[in-house]
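Student: Got a file for you: input32.pdb, PDB, C-alpha atoms.
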```pdb
ATOM      1  CA  MET G   1      86.275  88.502 118.246  1.00  0.00           C
ATOM      2  CA  GLN G   2      84.676  90.542 115.439  1.00  0.00           C
ATOM      3  CA  LYS G   3      85.196  89.452 111.807  1.00  0.00           C
ATOM      4  CA  TYR G   4      85.846  91.889 108.972  1.00  0.00           C
ATOM      5  CA  ARG G   5      85.835  91.662 105.191  1.00  0.00           C
ATOM      6  CA  LYS G   6      88.196  93.680 103.016  1.00  0.00           C
ATOM      7  CA  LEU G   7      86.333  96.361 101.065  1.00  0.00           C
ATOM      8  CA  PRO G   8      86.237  95.880  97.303  1.00  0.00           C
ATOM      9  CA  VAL G   9      88.893  98.284  96.044  1.00  0.00           C
ATOM     10  CA  GLU G  10      90.460  98.515  92.595  1.00  0.00           C
ATOM     11  CA  ILE G  11      94.240  98.872  92.516  1.00  0.00           C
ATOM     12  CA  GLU G  12      96.912  99.086  89.838  1.00  0.00           C
ATOM     13  CA  ALA G  13      99.625  96.429  89.858  1.00  0.00           C
ATOM     14  CA  VAL G  14     102.535  95.168  87.779  1.00  0.00           C
ATOM     15  CA  HIS G  15     103.891  91.609  87.858  1.00  0.00           C
ATOM     16  CA  LEU G  16     107.684  91.454  87.792  1.00  0.00           C
ATOM     17  CA  ASN G  17     108.268  88.712  85.260  1.00  0.00           C
ATOM     18  CA  ASN G  18     110.045  88.212  81.940  1.00  0.00           C
ATOM     19  CA  ASP G  19     107.436  90.407  80.193  1.00  0.00           C
ATOM     20  CA  THR G  20     108.298  93.514  82.225  1.00  0.00           C
ATOM     21  CA  THR G  21     111.221  95.902  81.974  1.00  0.00           C
ATOM     22  CA  PRO G  22     112.647  96.642  85.442  1.00  0.00           C
ATOM     23  CA  ALA G  23     113.570 100.236  84.542  1.00  0.00           C
ATOM     24  CA  LYS G  24     110.019 101.025  83.345  1.00  0.00           C
ATOM     25  CA  VAL G  25     108.472  99.462  86.443  1.00  0.00           C
ATOM     26  CA  ALA G  26     110.891 101.344  88.716  1.00  0.00           C
ATOM     27  CA  TYR G  27     110.012 104.610  86.965  1.00  0.00           C
ATOM     28  CA  TRP G  28     106.273 103.889  87.406  1.00  0.00           C
ATOM     29  CA  CYS G  29     106.575 103.260  91.139  1.00  0.00           C
ATOM     30  CA  GLY G  30     109.338 105.750  91.929  1.00  0.00           C
ATOM     31  CA  GLY G  31     111.685 102.921  92.875  1.00  0.00           C
ATOM     32  CA  ARG G  32     115.154 101.993  91.690  1.00  0.00           C
ATOM     33  CA  VAL G  33     116.624  98.934  90.015  1.00  0.00           C
ATOM     34  CA  ALA G  34     119.359  97.119  91.961  1.00  0.00           C
ATOM     35  CA  PRO G  35     121.212  93.823  91.580  1.00  0.00           C
ATOM     36  CA  HIS G  36     119.700  90.932  93.511  1.00  0.00           C
ATOM     37  CA  PRO G  37     121.599  90.846  96.825  1.00  0.00           C
ATOM     38  CA  GLU G  38     121.966  87.044  96.914  1.00  0.00           C
ATOM     39  CA  LYS G  39     122.515  86.587  93.163  1.00  0.00           C
ATOM     40  CA  ASN G  40     124.796  89.523  92.388  1.00  0.00           C
ATOM     41  CA  TYR G  41     126.394  88.574  89.090  1.00  0.00           C
ATOM     42  CA  THR G  42     126.509  90.132  85.635  1.00  0.00           C
ATOM     43  CA  GLY G  43     123.175  89.561  83.916  1.00  0.00           C
ATOM     44  CA  GLY G  44     121.681  88.176  87.120  1.00  0.00           C
ATOM     45  CA  PRO G  45     118.217  88.915  88.399  1.00  0.00           C
ATOM     46  CA  MET G  46     117.374  92.458  89.340  1.00  0.00           C
ATOM     47  CA  VAL G  47     115.198  93.717  92.170  1.00  0.00           C
ATOM     48  CA  ILE G  48     113.299  96.963  92.544  1.00  0.00           C
ATOM     49  CA  GLU G  49     113.803  98.851  95.781  1.00  0.00           C
ATOM     50  CA  ILE G  50     110.829 100.944  96.896  1.00  0.00           C
ATOM     51  CA  ASP G  51     110.926 103.487  99.712  1.00  0.00           C
ATOM     52  CA  THR G  52     107.807 103.081 101.852  1.00  0.00           C
ATOM     53  CA  LEU G  53     106.650 104.436 105.208  1.00  0.00           C
ATOM     54  CA  GLU G  54     107.913 101.166 106.714  1.00  0.00           C
ATOM     55  CA  GLY G  55     111.368 101.597 105.137  1.00  0.00           C
ATOM     56  CA  THR G  56     112.918 100.347 101.922  1.00  0.00           C
ATOM     57  CA  MET G  57     111.177  97.239 100.592  1.00  0.00           C
ATOM     58  CA  ARG G  58     112.444  94.980  97.823  1.00  0.00           C
ATOM     59  CA  ALA G  59     110.358  93.516  94.980  1.00  0.00           C
ATOM     60  CA  GLU G  60     112.007  90.408  93.583  1.00  0.00           C
ATOM     61  CA  PRO G  61     111.361  88.579  90.302  1.00  0.00           C
ATOM     62  CA  GLY G  62     107.894  87.006  90.477  1.00  0.00           C
ATOM     63  CA  ASP G  63     106.545  89.609  92.938  1.00  0.00           C
ATOM     64  CA  TRP G  64     103.898  92.184  92.177  1.00  0.00           C
ATOM     65  CA  ILE G  65     104.202  95.920  92.799  1.00  0.00           C
ATOM     66  CA  ILE G  66     100.919  97.421  93.930  1.00  0.00           C
ATOM     67  CA  LYS G  67      99.796 101.033  93.818  1.00  0.00           C
ATOM     68  CA  GLY G  68      97.571 101.431  96.867  1.00  0.00           C
ATOM     69  CA  VAL G  69      94.439 103.503  97.324  1.00  0.00           C
ATOM     70  CA  LYS G  70      96.431 106.525  98.530  1.00  0.00           C
ATOM     71  CA  GLY G  71      98.989 106.338  95.704  1.00  0.00           C
ATOM     72  CA  GLU G  72     101.563 104.470  97.790  1.00  0.00           C
ATOM     73  CA  PHE G  73     103.590 101.615  96.267  1.00  0.00           C
ATOM     74  CA  TYR G  74     104.636  98.368  97.870  1.00  0.00           C
ATOM     75  CA  PRO G  75     105.703  94.868  96.791  1.00  0.00           C
ATOM     76  CA  CYS G  76     103.555  91.779  97.251  1.00  0.00           C
ATOM     77  CA  ARG G  77     104.494  88.112  96.862  1.00  0.00           C
ATOM     78  CA  ASP G  78     102.727  86.319  93.985  1.00  0.00           C
ATOM     79  CA  ASP G  79     100.837  83.806  96.159  1.00  0.00           C
ATOM     80  CA  ILE G  80      99.482  86.558  98.438  1.00  0.00           C
ATOM     81  CA  PHE G  81      98.517  88.724  95.456  1.00  0.00           C
ATOM     82  CA  ARG G  82      96.616  85.879  93.757  1.00  0.00           C
ATOM     83  CA  ALA G  83      94.815  85.009  97.015  1.00  0.00           C
ATOM     84  CA  THR G  84      93.779  88.641  97.549  1.00  0.00           C
ATOM     85  CA  TYR G  85      93.105  90.157  94.108  1.00  0.00           C
ATOM     86  CA  GLU G  86      91.336  89.228  90.894  1.00  0.00           C
ATOM     87  CA  PRO G  87      91.418  90.972  87.506  1.00  0.00           C
ATOM     88  CA  VAL G  88      88.813  93.669  86.857  1.00  0.00           C
ATOM     89  CA  ALA G  89      86.878  93.420  83.623  1.00  0.00           C
ATOM     90  CA  THR G  90      87.387  96.528  81.504  1.00  0.00           C
ATOM     91  CA  GLU G  91      84.892  97.974  79.077  1.00  0.00           C
ATOM     92  CA  GLU G  92      86.023  98.251  75.500  1.00  0.00           C
ATOM     93  CA  ALA G  93      85.316 101.539  73.761  1.00  0.00           C
ATOM     94  CA  PRO G  94      82.866 101.275  70.825  1.00  0.00           C
TER      95      PRO G  94
END
```
Reformat the file's structure so that it appears as structure tokens.

Tutor:
Amino acid sequence: MQKYRKLPVEIEAVHLNNDTTPAKVAYWCGGRVAPHPEKNYTGGPMVIEIDTLEGTMRAEPGDWIIKGVKGEFYPCRDDIFRATYEPVATEEAP
């Protein structure tokens, strides 16, 4: 069996946590905000539904939404994201 290493690729991502606004994140990824299906109560947690080639996927609180290399968006669980990606150092303008 051949082994492969994932190519180093930079992506954009947003973490769905208390510091993010669901409506702004949904606008960024072309998704839509919906009530959490298991916790559907007033003021309850919201999810972001994203239409992908595999169907509609749901990003829940704590997940990340990733913009892939071809401009596609998809959700990713926090533990998988942290095991796969690391922050990229950015240069500050002089």

Student: Using only C-alpha atoms, give me every residue within 6 Å of (107.4, 95.7, 94.9) in file coordinates, as JSON, numbers by chain.

Tutor: {"G": [58, 59, 64, 65, 74, 75, 76]}

Student: Restricting the calculation to all atoms listed in the file: of G:Gly55, G:Glu86, G:Glu72, G:Asp63, which residue gets closest to Thr20 (chain G)?

Tutor: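 When distances to Thr20 (chain G) are compared using all atoms listed in the file, the smallest one comes from G:Asp63.
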
Student: Go through G:Val88, G:Ala13, G:Met1, G:Ala83 and flag the residue nearest Gly71 (chain G), using only C-alpha atoms for the distances.

Tutor: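 So, comparing all the options, the nearest one is G:Ala13.
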
Student: Taking the file as shown, find all residues satisfying the PyMOL selection byres ((chain G and resi 87) around 12) and write them as a PyMOL selection string.

Tutor: chain G and resi 9-14+81-86+88-90

Student: What gap, in Å, lies between CA of Asp19 (chain G) and CA of Gly62 (chain G)?

Tutor: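 It comes out at 10.8 Å.
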
Student: Please indicate the distance in Å from CA of Ile80 (chain G) to CA of Gly68 (chain G), rounded to one decimal place.

Tutor: 15.1 Å
